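First comes the structure, then the notes that go with it.
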Amino acid sequence: MARSSSGFVAALTAAAVAVVGFLAYQASASAPSPAELAAKPRTPSSAPSAEATGKPKQPVRDPLALPADSGRGERVVYGLKDRRVWLVDAKNQVTHTFSVMPSTVSPAPGAYAVTSRSGSVRGSDGVQIEHVVRFTTTQDVAIGFSAAVDGSTPDPDPTKKTGGIRMKRADGDALWLFATIGAKVVVVA
């Protein structure tokens, strides 16, 4: 009995080797020749990989993703380059994110705390604003988030020093509820 099972195993092994050899032959027969490869124009999918060129592959960053260097815990994150705000809860989860229109004077990257809030005032640009959340002063200009009562988010006048980071009214409502006095604000480049 042992002799027949070893013969059976040998037969299975020989059959497996034959199948692998046949598949390898088929694969090599259908592969393009070096001349065909050289003549074929390169498309993004056939371009050399990062490993082949020696250049590191650059990851594509999701523009809505929370910046990695924004700290931990409950906070408001303001991305200067992204022109975006993220509201982050104590579990480090983004609860709301929205785009903003920066002012002509920007805060330096760093950690701040909400210092004052105003329900409704006139902005330094003369526009009626609401839900003002201030967190620092730069170049003698108060810097804070606000929403124009008329819902506009125009480009600021570059000839004036303003510190209002404008957002849509619904986003201003969310920020107002989230960022009370003392709340952490992290500004990233």
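In the structure tokens, chains take the letters A, B, ... in the order shown, each chain's residues start at 1, and ligands count up from 1 in the order shown.
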
Margin query: Neighbouring residues of Ile181 of chain A were defined as those with any atom within 7 Å, considering only C-alpha atoms; residues of the same chain fewer than 3 positions away were excluded. Please report them as a PyMOL selection string.
Written below: chain A and resi 114-116

Keeping only C-alpha atoms, take the residues you just selected and write them out as a tab-separated table (two decimals), in the first residue's frame.
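Result file result-v2.tsv:
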chain	number	residue	atom	x	y	z
A	114	VAL	CA	-10.38	81.42	21.99
A	115	THR	CA	-10.09	84.75	23.85
A	116	SER	CA	-13.39	86.46	23.03

Next item on the list: Write out as a ChimeraX atom specification the residues lying within 10 Å of Ala65 of chain A, counting only C-alpha atoms and excluding same-chain residues fewer than 3 positions away.
Entry: /A:61-62,68,86,94,97

Just to be explicit: take each residue in the selection above, keep C-alpha atoms, and write the result as a JSON list (two decimals), in the first residue's frame.
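Once everything was written out, this is out.json:
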[["chain", "number", "residue", "atom", "x", "y", "z"],
["A", 61, "ARG", "CA", -3.22, 64.08, 0.09],
["A", 62, "ASP", "CA", -6.97, 64.34, 0.44],
["A", 68, "ALA", "CA", -1.37, 65.32, 10.42],
["A", 86, "TRP", "CA", -11.78, 71.40, 10.84],
["A", 94, "VAL", "CA", -13.51, 65.51, 12.56],
["A", 97, "THR", "CA", -15.00, 70.82, 7.97]]

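For the choices A:Asp89, A:Glu130, A:Asp155, A:Asp150, the atom-to-atom distance to Gly73 of chain A is smallest for A:Asp89 when using only C-alpha atoms.
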
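Counting only C-alpha atoms, the residue from A:Ser106, A:Ser70, A:Thr95, A:Ser120 that sits nearest to Arg83 of chain A is A:Ser106.
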
Item checked: Residue among A:Arg84, A:Asn92, A:Pro63, A:Met101 lying closest to Arg166 of chain A, counting only C-alpha atoms -> A:Met101
